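Novice: Quick one: the structure is below, and I'll ask about it shortly.
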Amino acid sequence: MASTNNVTELIITGLFQDPEVQRVCFVLFLPVYLATVVGNGLIVVTVSVSKSLRSPMYFFLGYLSLVEICYSSTIVPKFITDLLVKVKTISLKGCLVQIFFSHFFGVTEILLLMMMAYDRYVAICKPLHYMNIMSRQVCHMLVAGSWLGGFIHSIIQVLITIPLPFCGPNVMDHYFCDLQPLFKLACKDTFVEGVVVLANSGLISVFSLVILVSSYIVILFNLRNHSAEGRHKALSTCASHITVVILFFGPAIFIYMRPSSTFTVDKLVAVFYTVITPMLNPIIYTLRNAEVKVTMRKLWARKEKS
């Protein structure tokens, strides 16, 4: 990389240029990040230690919350600290590392959401065979497959980026490292690389969303044969999943499935799925799930007694 690159450090423009606005953003986004880590961490601990949350649904939820913490921590801490400095920099190698892990955890989350949809499909449409199909071994294999899928996706993204020559300029119009803003700085035409990104990121998001929507349509169709109480419980669970799917996939498809021009709108949309959505997920799942709320209260009461 050193033989073809004059650029070893990148300057990041950030979300806003006004120092006052940046300080306001710091005050707003720091509590959001802390809430993300605490909220998702609480779900991970609750699912891990509670004997009443041993079903596959909570098994996947625990891993989803863990991925949310990892994904947010890949981007948000540097973004927040950069709000307090005038010149925001990152090394080219550090930029590639951030791209790798953000895509790794992002696609892992997509695949985990698909596993959760499959779990709900089996639970509602094949209830008599549920425990046989969704055995502990199968759940572990599905989670491992999600991590592997995220790794394969992100390593492809990095491998197509490493050979690109960067000889200047070195100012990237974003608040974190992503592929399209980085491609703008390459000293060659990146049309082919852009198509690969479109196929590898955009189409994954679209196909995954189509599969998820189709699965939930089948689930809702099959709910007609359940009792009123069973329908209410299943709808409550599915509503949480569908809300998270929409919050995650909407911005991702907007970013990766349209031609890149100016990044002003992209940056604002990216804030939503990198900063806001990871915080909302634990709120969505706990507020609509009485079992999780009761278990958390019991664990908290047990801690106070001890």
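Note on naming: chains are A, B, ... as they come in the structure tokens, residues start from 1 per chain, ligands start from 1 in the order shown.
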Using DSSP secondary structure from the backbone, list all helix (DSSP H, G or I) positions within stretch 77-289 of chain A, as a ChimeraX atom specification.

Specialist: /A:77-82,92-125,127-133,136-161,179-183,191-225,228-256,264-287

Novice: Select, from A:Ile276, A:Leu223, A:Ile284, A:Ile80, the residue with the minimum atom-to-atom distance to A:Leu61, counting only C-alpha atoms.

Specialist: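 Using only C-alpha atoms, the shortest distance to A:Leu61 belongs to A:Ile284.
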
Novice: Counting only C-alpha atoms, what is within 12 Å of A:Phe191, bar same-chain residues fewer than 5 positions away, as a list in words?

Specialist: Ile160, Leu164, Gln180, Phe183, Lys184, Ala186, Val196, Val197, Leu198, Pro259 and Ser260 of chain A

Novice: Can you tell me, as a ChimeraX atom specification, what residues are no more than 9 Å from A:Gly150 when counting only C-alpha atoms, ignoring any on the same chain fewer than 6 positions away?

Specialist: /A:103-111

Novice: If you run DSSP on this backbone, which residues of stretch 25-262 of chain A come out as strand (DSSP E), and could you give them as a ChimeraX atom specification?

Specialist: /A:88-91,171-172

Novice: Residues near A:Gly41, anyone? I mean within 9 Å using only C-alpha atoms, not counting same-chain ones fewer than 2 positions away, as a list in words.

Specialist: Thr36, Val37, Val38, Gly39, Ile43, Val44, Val45, Thr46, Gly62, Ser65, Leu66 and Ile69 of chain A
